[in-house]
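Printed here is data16.cif (mmCIF, C-alpha atoms and all ligand atoms):
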```
data_my_file
loop_
_atom_site.label_atom_id
_atom_site.label_comp_id
_atom_site.auth_asym_id
_atom_site.auth_seq_id
_atom_site.Cartn_x
_atom_site.Cartn_y
_atom_site.Cartn_z
CA MET H 1 6.88 29.98 -16.03
CA SER H 2 7.71 27.22 -13.57
CA ASP H 3 10.56 24.93 -14.60
CA LYS H 4 9.45 22.27 -12.16
CA LYS H 5 9.09 18.75 -13.51
CA ILE H 6 5.65 17.14 -13.47
CA ILE H 7 4.94 14.01 -11.43
CA ALA H 8 1.67 12.39 -12.58
CA VAL H 9 0.05 10.68 -9.60
CA LEU H 10 -2.55 7.92 -9.83
CA GLY H 11 -4.83 7.47 -6.83
CA ALA H 12 -4.26 11.13 -5.97
CA THR H 13 -7.55 11.36 -4.07
CA GLY H 14 -6.64 8.22 -2.13
CA ALA H 15 -4.14 7.15 0.51
CA GLN H 16 -0.86 6.50 -1.34
CA GLY H 17 -1.22 9.02 -4.16
CA GLY H 18 -2.69 11.66 -1.85
CA GLY H 19 0.35 11.42 0.43
CA LEU H 20 2.65 11.92 -2.56
CA VAL H 21 0.73 14.95 -3.89
CA ARG H 22 0.80 16.54 -0.43
CA ALA H 23 4.53 15.78 -0.02
CA ILE H 24 5.36 17.42 -3.37
CA LEU H 25 3.23 20.49 -2.57
CA ALA H 26 4.74 20.80 0.92
CA ASP H 27 8.25 21.15 -0.54
CA LYS H 28 7.72 24.58 -2.07
CA SER H 29 11.29 24.94 -3.30
CA GLY H 30 11.47 21.33 -4.52
CA PRO H 31 12.07 20.30 -8.13
CA PHE H 32 8.63 18.79 -8.83
CA LYS H 33 4.99 19.76 -9.21
CA PRO H 34 2.13 17.25 -8.90
CA ARG H 35 -0.42 16.33 -11.56
CA ALA H 36 -3.23 14.68 -9.61
CA LEU H 37 -5.14 12.09 -11.66
CA THR H 38 -8.75 11.32 -10.79
CA ARG H 39 -11.84 9.97 -12.48
CA ASP H 40 -13.84 12.93 -11.21
CA VAL H 41 -12.17 16.34 -11.27
CA ASN H 42 -15.23 17.81 -9.54
CA SER H 43 -15.22 15.59 -6.45
CA GLU H 44 -14.63 17.24 -3.10
CA LYS H 45 -11.22 15.56 -2.74
CA ALA H 46 -10.16 16.57 -6.26
CA ARG H 47 -11.21 20.17 -5.65
CA ALA H 48 -9.27 20.20 -2.36
CA LEU H 49 -6.12 19.09 -4.22
CA ALA H 50 -6.63 21.83 -6.83
CA ALA H 51 -7.14 24.41 -4.08
CA ALA H 52 -3.88 23.25 -2.48
CA GLY H 53 -2.07 23.95 -5.75
CA ALA H 54 -2.09 20.64 -7.69
CA GLU H 55 -2.91 20.38 -11.37
CA VAL H 56 -5.93 18.07 -11.47
CA VAL H 57 -6.45 15.97 -14.60
CA ALA H 58 -9.12 13.39 -15.49
CA ALA H 59 -7.93 9.82 -16.07
CA ASP H 60 -9.36 6.36 -15.61
CA VAL H 61 -6.96 3.40 -15.41
CA ASP H 62 -9.56 1.32 -17.26
CA ASP H 63 -9.44 3.73 -20.21
CA PRO H 64 -5.88 3.59 -21.60
CA ALA H 65 -6.35 6.63 -23.87
CA THR H 66 -7.04 8.85 -20.84
CA LEU H 67 -3.96 7.44 -19.10
CA ARG H 68 -1.73 8.19 -22.09
CA ARG H 69 -2.99 11.76 -22.21
CA ALA H 70 -2.54 12.20 -18.47
CA PHE H 71 1.09 11.01 -18.60
CA GLU H 72 2.04 13.30 -21.54
CA GLY H 73 4.76 15.74 -20.58
CA ALA H 74 5.35 14.15 -17.18
CA HIS H 75 8.86 13.52 -15.87
CA GLY H 76 7.62 10.97 -13.35
CA ALA H 77 4.56 8.84 -12.67
CA TYR H 78 3.31 7.15 -9.51
CA CYS H 79 1.44 4.00 -10.47
CA VAL H 80 -0.89 2.16 -8.09
CA THR H 81 -3.84 -0.18 -8.64
CA PHE H 82 -7.03 -0.48 -6.61
CA PHE H 83 -7.52 -4.18 -5.83
CA TRP H 84 -10.13 -3.77 -3.12
CA ASP H 85 -12.45 -1.84 -5.49
CA HIS H 86 -12.90 -4.95 -7.66
CA LEU H 87 -11.08 -7.94 -6.05
CA SER H 88 -9.77 -9.06 -9.44
CA PRO H 89 -6.07 -9.86 -9.93
CA GLU H 90 -6.64 -10.11 -13.70
CA LYS H 91 -8.04 -6.58 -13.75
CA GLU H 92 -5.10 -5.39 -11.66
CA LEU H 93 -2.68 -6.93 -14.17
CA ALA H 94 -4.50 -5.30 -17.10
CA GLU H 95 -4.44 -1.93 -15.33
CA ALA H 96 -0.74 -2.19 -14.53
CA GLY H 97 -0.09 -3.13 -18.17
CA ALA H 98 -1.98 -0.04 -19.33
CA MET H 99 0.07 2.12 -16.95
CA ALA H 100 3.34 0.69 -18.25
CA GLU H 101 2.23 1.27 -21.85
CA ALA H 102 1.13 4.84 -21.12
CA ALA H 103 4.45 5.58 -19.38
CA LYS H 104 6.35 4.18 -22.35
CA HIS H 105 4.23 6.15 -24.82
CA ALA H 106 4.88 9.40 -22.90
CA ALA H 107 8.60 8.56 -22.40
CA VAL H 108 8.25 9.08 -18.65
CA ALA H 109 11.76 9.23 -17.14
CA HIS H 110 10.90 7.64 -13.77
CA VAL H 111 7.95 5.48 -12.76
CA ILE H 112 7.36 4.28 -9.22
CA TRP H 113 5.21 1.14 -9.32
CA SER H 114 3.51 0.43 -6.00
CA THR H 115 3.97 -3.30 -5.89
CA LEU H 116 3.88 -6.22 -3.46
CA ASP H 117 5.64 -9.56 -3.25
CA ASP H 118 4.65 -12.38 -5.61
CA THR H 119 4.22 -14.91 -2.80
CA ARG H 120 4.27 -17.83 -5.29
CA ARG H 121 8.05 -17.47 -5.44
CA HIS H 122 8.06 -18.67 -1.82
CA VAL H 123 4.88 -20.78 -1.69
CA PRO H 124 4.45 -22.61 -5.01
CA LEU H 125 0.85 -23.43 -5.94
CA LYS H 126 1.43 -27.12 -5.11
CA ASP H 127 2.39 -26.19 -1.51
CA ASP H 128 -0.82 -26.91 0.39
CA ARG H 129 0.02 -25.12 3.63
CA MET H 130 -2.40 -22.49 2.30
CA PRO H 131 -5.14 -22.90 -0.33
CA THR H 132 -4.64 -21.81 -3.92
CA LEU H 133 -7.15 -19.04 -4.66
CA MET H 134 -8.85 -18.14 -7.96
CA GLY H 135 -7.01 -21.03 -9.63
CA LYS H 136 -3.51 -19.57 -9.74
CA TYR H 137 -2.75 -17.36 -6.76
CA LYS H 138 -1.80 -17.78 -3.13
CA VAL H 139 -2.30 -14.13 -2.12
CA PRO H 140 -4.15 -12.66 -5.13
CA HIS H 141 -3.71 -8.96 -4.24
CA PHE H 142 0.03 -9.49 -3.68
CA ASP H 143 0.77 -11.95 -6.48
CA ALA H 144 -0.82 -9.91 -9.28
CA LYS H 145 1.16 -6.82 -8.27
CA GLY H 146 4.40 -8.79 -8.13
CA GLU H 147 3.62 -10.44 -11.47
CA ALA H 148 2.98 -6.98 -12.95
CA ASP H 149 6.59 -5.90 -12.18
CA ALA H 150 7.61 -7.66 -15.41
CA LEU H 151 5.15 -5.58 -17.44
CA PHE H 152 7.07 -2.40 -16.54
CA THR H 153 10.43 -4.06 -17.17
CA ARG H 154 9.28 -5.55 -20.47
CA ALA H 155 7.95 -2.18 -21.65
CA GLY H 156 11.44 -0.75 -21.01
CA VAL H 157 10.07 1.84 -18.59
CA PRO H 158 12.60 3.18 -16.02
CA THR H 159 10.90 1.89 -12.89
CA THR H 160 11.43 1.73 -9.14
CA PHE H 161 9.48 -1.17 -7.63
CA LEU H 162 8.13 0.01 -4.27
CA LEU H 163 7.13 -2.69 -1.77
CA THR H 164 4.64 -1.14 0.64
CA SER H 165 3.49 -2.36 4.07
CA PHE H 166 0.27 -2.89 6.02
CA TYR H 167 -1.38 0.49 6.58
CA TRP H 168 -2.08 1.23 10.24
CA ASP H 169 -5.01 3.18 8.74
CA ASN H 170 -6.62 -0.25 8.17
CA LEU H 171 -7.53 -0.06 11.86
CA ILE H 172 -9.81 2.87 10.90
CA TYR H 173 -11.00 2.20 7.35
CA PHE H 174 -10.61 -1.52 6.67
CA GLY H 175 -12.27 -3.15 9.66
CA SER H 176 -8.94 -4.25 11.18
CA GLY H 177 -9.39 -2.43 14.50
CA PRO H 178 -9.92 -4.05 17.92
CA LYS H 179 -13.20 -5.91 18.33
CA ARG H 180 -15.16 -6.59 21.51
CA GLY H 181 -15.30 -10.30 22.35
CA PRO H 182 -18.12 -12.15 24.13
CA ASP H 183 -16.36 -11.17 27.40
CA GLY H 184 -16.80 -7.48 26.48
CA LYS H 185 -13.01 -7.01 26.21
CA LEU H 186 -11.23 -5.52 23.21
CA ALA H 187 -9.05 -7.82 21.12
CA LEU H 188 -6.79 -7.20 18.14
CA VAL H 189 -7.30 -10.32 16.03
CA MET H 190 -4.51 -11.28 13.61
CA PRO H 191 -3.01 -14.60 12.55
CA MET H 192 0.59 -13.42 13.03
CA GLY H 193 1.61 -15.73 15.91
CA ASP H 194 4.45 -13.99 17.75
CA LYS H 195 5.95 -12.59 14.56
CA LYS H 196 6.32 -8.89 13.79
CA LEU H 197 4.20 -7.14 11.15
CA PRO H 198 5.81 -4.33 9.15
CA GLY H 199 3.31 -1.45 9.23
CA ILE H 200 3.21 2.15 8.07
CA ALA H 201 1.07 5.27 8.23
CA ALA H 202 -0.50 5.36 4.74
CA GLU H 203 0.47 9.04 4.40
CA ASP H 204 4.14 8.07 4.78
CA ILE H 205 4.06 5.87 1.66
CA GLY H 206 3.65 8.96 -0.53
CA ARG H 207 6.34 10.79 1.44
CA CYS H 208 8.76 7.92 0.90
CA ALA H 209 7.86 7.87 -2.80
CA TYR H 210 8.67 11.57 -2.93
CA GLY H 211 12.07 10.78 -1.40
CA ILE H 212 12.66 8.22 -4.15
CA PHE H 213 11.79 10.71 -6.93
CA LYS H 214 14.14 13.26 -5.31
CA ARG H 215 17.03 10.78 -5.36
CA GLY H 216 16.90 10.80 -9.19
CA ARG H 217 18.05 7.67 -10.98
CA GLU H 218 19.45 5.95 -7.87
CA PHE H 219 16.62 3.43 -7.48
CA ILE H 220 15.63 2.90 -11.10
CA GLY H 221 15.52 -0.84 -11.85
CA LYS H 222 15.58 -1.60 -8.11
CA THR H 223 13.05 -3.01 -5.68
CA VAL H 224 12.87 -1.06 -2.42
CA GLY H 225 10.66 -1.75 0.59
CA ILE H 226 9.30 0.61 3.22
CA ALA H 227 7.79 0.39 6.72
CA GLY H 228 7.31 2.75 9.66
CA GLU H 229 7.86 0.07 12.30
CA HIS H 230 7.83 -3.73 12.64
CA LEU H 231 5.60 -4.70 15.56
CA SER H 232 4.22 -7.91 17.03
CA GLY H 233 0.48 -8.20 17.64
CA ALA H 234 1.19 -7.87 21.37
CA GLU H 235 3.17 -4.66 20.78
CA MET H 236 0.39 -3.23 18.61
CA ALA H 237 -2.18 -4.13 21.28
CA ALA H 238 -0.03 -2.41 23.95
CA GLY H 239 0.14 0.75 21.80
CA LEU H 240 -3.62 0.65 21.28
CA THR H 241 -4.16 0.18 25.02
CA ARG H 242 -2.11 3.32 25.75
CA ALA H 243 -3.79 5.38 23.02
CA LEU H 244 -7.39 4.29 23.64
CA GLY H 245 -7.18 4.23 27.43
CA GLU H 246 -8.78 0.78 27.45
CA LYS H 247 -7.08 -2.61 27.61
CA VAL H 248 -6.62 -4.26 24.21
CA THR H 249 -5.22 -7.78 24.02
CA TYR H 250 -3.69 -9.45 21.01
CA GLN H 251 -5.58 -12.53 19.91
CA ASP H 252 -3.68 -14.84 17.62
CA VAL H 253 -6.00 -16.94 15.43
CA PRO H 254 -4.96 -19.71 13.04
CA PRO H 255 -4.92 -18.49 9.41
CA GLU H 256 -7.55 -21.12 8.50
CA VAL H 257 -9.93 -19.55 11.02
CA TYR H 258 -9.19 -16.05 9.63
CA ARG H 259 -9.81 -17.30 6.06
CA GLY H 260 -13.28 -18.43 7.18
CA PHE H 261 -14.34 -15.05 8.61
CA GLY H 262 -16.59 -14.63 5.57
CA PHE H 263 -16.03 -11.03 4.53
CA PRO H 264 -15.01 -10.42 0.88
CA GLY H 265 -11.30 -11.18 0.56
CA ALA H 266 -10.99 -12.95 3.96
CA ASP H 267 -9.29 -15.93 2.30
CA ASP H 268 -6.83 -13.62 0.50
CA LEU H 269 -6.02 -11.79 3.76
CA GLY H 270 -5.76 -15.05 5.73
CA ASN H 271 -3.16 -16.27 3.24
CA MET H 272 -1.46 -12.87 3.33
CA PHE H 273 -1.01 -12.94 7.11
CA GLN H 274 0.17 -16.54 6.96
CA PHE H 275 2.74 -15.58 4.35
CA LYS H 276 3.95 -12.66 6.48
CA ARG H 277 4.13 -14.98 9.52
CA ASP H 278 5.75 -18.00 7.86
CA PHE H 279 8.22 -16.02 5.73
CA ASN H 280 8.74 -13.35 8.36
CA GLU H 281 12.51 -13.03 7.98
CA TYR H 282 12.27 -12.50 4.22
CA PHE H 283 9.24 -10.21 4.50
CA ARG H 284 10.74 -7.98 7.19
CA GLY H 285 14.15 -8.01 5.53
CA ALA H 286 12.60 -6.48 2.40
CA ARG H 287 11.21 -3.49 4.38
CA SER H 288 13.81 -1.48 6.27
CA VAL H 289 12.62 1.20 8.66
CA ASP H 290 16.01 2.97 8.60
CA PHE H 291 15.96 3.10 4.81
CA SER H 292 12.38 4.42 4.88
CA ARG H 293 13.44 7.17 7.30
CA SER H 294 16.33 8.12 5.00
CA LEU H 295 13.73 8.73 2.26
CA ASN H 296 11.27 10.41 4.60
CA PRO H 297 12.69 11.97 7.77
CA GLU H 298 9.13 12.58 9.08
CA LEU H 299 8.39 8.81 9.09
CA GLN H 300 5.90 8.09 11.88
CA SER H 301 6.12 5.37 14.51
CA PHE H 302 2.95 3.49 15.48
CA ASP H 303 2.67 5.56 18.67
CA GLN H 304 2.96 8.80 16.70
CA TRP H 305 0.35 7.60 14.22
CA LEU H 306 -1.92 6.57 17.12
CA SER H 307 -1.62 9.91 18.87
CA ALA H 308 -3.03 11.62 15.76
CA ASN H 309 -5.49 8.90 14.71
CA ALA H 310 -6.63 6.69 17.61
CA SER H 311 -9.81 8.75 18.05
CA LYS H 312 -10.87 7.77 14.50
CA ILE H 313 -10.67 4.00 15.16
CA PRO H 314 -14.25 2.72 15.40
CA ILE H 315 -14.67 1.08 18.82
CA GLU H 316 -17.91 -0.58 19.86
CA ALA H 317 -19.27 0.82 23.12
CA PRO H 318 -19.17 -1.70 26.01
CA ALA H 319 -22.50 -3.36 26.75
CA SER H 320 -24.17 -1.57 29.63
N1 LIG O 401 -4.54 -1.32 2.94
C1 LIG O 401 -3.27 -1.74 3.03
O1 LIG O 401 -2.77 -2.07 4.11
C2 LIG O 401 -2.43 -1.80 1.79
C3 LIG O 401 -1.06 -2.05 1.96
C4 LIG O 401 -0.26 -2.13 0.82
C5 LIG O 401 -0.83 -1.97 -0.45
N2 LIG O 401 -2.17 -1.72 -0.55
C6 LIG O 401 -2.73 -1.57 -1.90
O2 LIG O 401 -3.04 -0.20 -2.12
C7 LIG O 401 -3.88 -0.15 -3.25
C8 LIG O 401 -4.86 0.99 -3.10
O3 LIG O 401 -4.19 2.20 -2.90
P1 LIG O 401 -4.78 3.30 -1.92
O4 LIG O 401 -5.00 2.68 -0.58
O5 LIG O 401 -3.91 4.49 -2.02
O6 LIG O 401 -6.21 3.56 -2.58
P2 LIG O 401 -7.45 4.37 -2.02
O7 LIG O 401 -7.12 5.19 -0.83
O8 LIG O 401 -8.57 3.38 -1.93
O9 LIG O 401 -7.72 5.40 -3.18
C9 LIG O 401 -7.86 5.01 -4.43
C10 LIG O 401 -8.11 6.22 -5.31
O10 LIG O 401 -7.88 5.74 -6.63
C11 LIG O 401 -8.79 6.22 -7.50
N3 LIG O 401 -9.27 5.20 -8.43
C12 LIG O 401 -10.01 4.09 -8.17
N4 LIG O 401 -10.30 3.47 -9.32
C13 LIG O 401 -9.73 4.20 -10.32
C14 LIG O 401 -9.68 4.09 -11.71
N5 LIG O 401 -10.33 3.09 -12.37
N6 LIG O 401 -8.98 5.00 -12.42
C15 LIG O 401 -8.36 6.02 -11.80
N7 LIG O 401 -8.38 6.20 -10.48
C16 LIG O 401 -9.07 5.30 -9.75
C17 LIG O 401 -9.92 6.82 -6.70
O11 LIG O 401 -9.92 8.17 -7.05
P3 LIG O 401 -11.11 8.89 -7.85
O12 LIG O 401 -12.38 8.38 -7.27
O13 LIG O 401 -10.83 10.33 -7.54
O14 LIG O 401 -10.91 8.55 -9.27
C18 LIG O 401 -9.50 6.67 -5.23
O15 LIG O 401 -9.56 7.85 -4.48
C19 LIG O 401 -4.56 -1.51 -3.38
O16 LIG O 401 -4.19 -2.13 -4.59
C20 LIG O 401 -4.03 -2.29 -2.18
O17 LIG O 401 -3.83 -3.66 -2.46
C21 LIG O 401 -2.97 -1.61 0.53
#
```

Written as structure tokens, that's how I'd like the structure from this file.
Amino acid sequence: MSDKKIIAVLGATGAQGGGLVRAILADKSGPFKPRALTRDVNSEKARALAAAGAEVVAADVDDPATLRRAFEGAHGAYCVTFFWDHLSPEKELAEAGAMAEAAKHAAVAHVIWSTLDDTRRHVPLKDDRMPTLMGKYKVPHFDAKGEADALFTRAGVPTTFLLTSFYWDNLIYFGSGPKRGPDGKLALVMPMGDKKLPGIAAEDIGRCAYGIFKRGREFIGKTVGIAGEHLSGAEMAAGLTRALGEKVTYQDVPPEVYRGFGFPGADDLGNMFQFKRDFNEYFRGARSVDFSRSLNPELQSFDQWLSANASKIPIEAPAS
């Protein structure tokens, strides 16, 4: 019988959790084995994880009893919420609370909580440089995660608070890729001014989390931040130009214009970019690339990520 310790992984069929499951499985002589949690054990992605050697277990973060069962017997748990599925910070807080309770109930020895900065510590609600959203947030999908840190601490769960970064994969899956302007030219549109944006290959988040679990108790009770590279919009556009073989320019837009783009969550993302721009020194300081590489020696640069993924970025054909 294997004496490997179980790491229960939420979001195992998704970006962050999937990277962690694959990192654990790739280290055949490592101390851990993954328990992949999913709402549907029969989905194609769940079956692929089982075929690769993961234990696959049904759990729904909105059903606390299933979470408690799924955490039973686990040494570690990777906890992440899914803001963009529902756009509700209150739901995110409730889900994080249920995760903390389940981890406490199962006496999990090490939780990694995938969190983000509570921007209200830097931009109080009365600061009108950016609008207050949903009554009590500046950047709802950041603030609720940061606020949820206390739920893990209060439950007495041994937790590492992991600050993640902008996925470069957003260029493929989140509509953040270069767009053709009225002049037919490709532009990368972001309200970052000339400031640098910490970014990361989504797959590397799970690999860094694996590095944290391997380091034992070292980061329990600590907040640690990760990024693959910090790049300005112009540097990202130059990388895209090289990888796509077509000129991409960086187009800085004011955050208020970005907030008005009209897609669901545009106001949240406009505030998010403004926060990253206006508090750039703090934000970058919390996400060290060298530290991330010490956790995950395979950490990808933007160019490396592009060489494997640029062909998946949806690019509108030029008008003929
Ligand atoms: N995009 C970015 O740049 C970025 C950067 C930093 C942080 N984030 C944060 O990352 C989080 C999302 O993580 P991700 O990108 O890894 O997610 P993802 O790729 O969208 O995958 C989410 C997975 O979670 C599972 N899931 C969804 N609802 C669930 C529920 N109620 N119970 C159990 N599992 C559920 C789904 O699996 P099943 O269908 O198999 O159940 C899905 O495959 C968001 O909160 C976002 O704010 C994003």

Selected residue of minimal separation from Ser29 of chain H among H:Gly76, H:Arg47, H:Ala52, H:Asp3, counting all atoms listed in the file: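 Closest to Ser29 of chain H of all the choices is H:Asp3.
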
Nearest to Phe83 of chain H by atom-to-atom distance, counting all atoms listed in the file, from H:Lys276, H:Lys145, H:Arg259, H:Lys4: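 Of H:Lys276, H:Lys145, H:Arg259, H:Lys4, the one nearest Phe83 of chain H is H:Lys145, counting all atoms listed in the file.
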
Nearest to Phe273 of chain H by atom-to-atom distance, counting all atoms listed in the file, from H:Val139, H:Val248, H:Ala201, H:Ala286: H:Val139

Counting only C-alpha atoms, the residue of H:Ala58, H:Asp128, H:Gly14, H:Cys208 that sits nearest Glu298 of chain H: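 Checking each candidate against Glu298 of chain H, we get H:Cys208 as the closest.
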
Polymer residues at most 12 Å from (-10.2, 8.9, -20.7) by all atoms listed in the file, as an MDAnalysis selection string: chainID H and resid 37:40 57:71

Selection: 10 Å around Ala237 of chain H, all atoms listed in the file, excl. self and same-chain fewer than 3 positions, as number ranges by chain: H: 178, 186-189, 231-234, 240-243, 247-251

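Atom CA of Phe161 of chain H is found 23.2 Å from atom CA of Asp278 of chain H.
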
Box centre and edge lengths (Å, one decimal), axis-aligned, ligand LIG 401 (chain O) plus 5 Å each side, as JSON:
```
{"center_x": -6.3, "center_y": 3.3, "center_z": -4.2, "size_x": 22.1, "size_y": 24.0, "size_z": 26.5}
```

Pairwise distance for atom C17 of ligand LIG 401 (chain O) and atom CA of Leu10 of chain H, rounded to one decimal in Å: 8.1 Å

Residue neighbourhood Lys196 of chain H, 12 Å, only C-alpha atoms, exclusion window fewer than 5 positions, as a ChimeraX atom specification: /H:166,190-191,227,229-236,273-274,276-285,287

Near-His110 of chain H list (10 Å; only C-alpha atoms; drop same-chain fewer than 4 positions) as JSON, numbers by chain: {"H": [7, 74, 75, 76, 77, 78, 103, 157, 158, 159, 160, 212, 213, 216, 217, 219, 220, 221]}

For ligand LIG 401 (chain O), the nearest of the candidates H:His105, H:Lys195, H:Arg154, H:His86, counting all atoms listed in the file: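 Among the listed residues, H:His86 lies closest to ligand LIG 401 (chain O).
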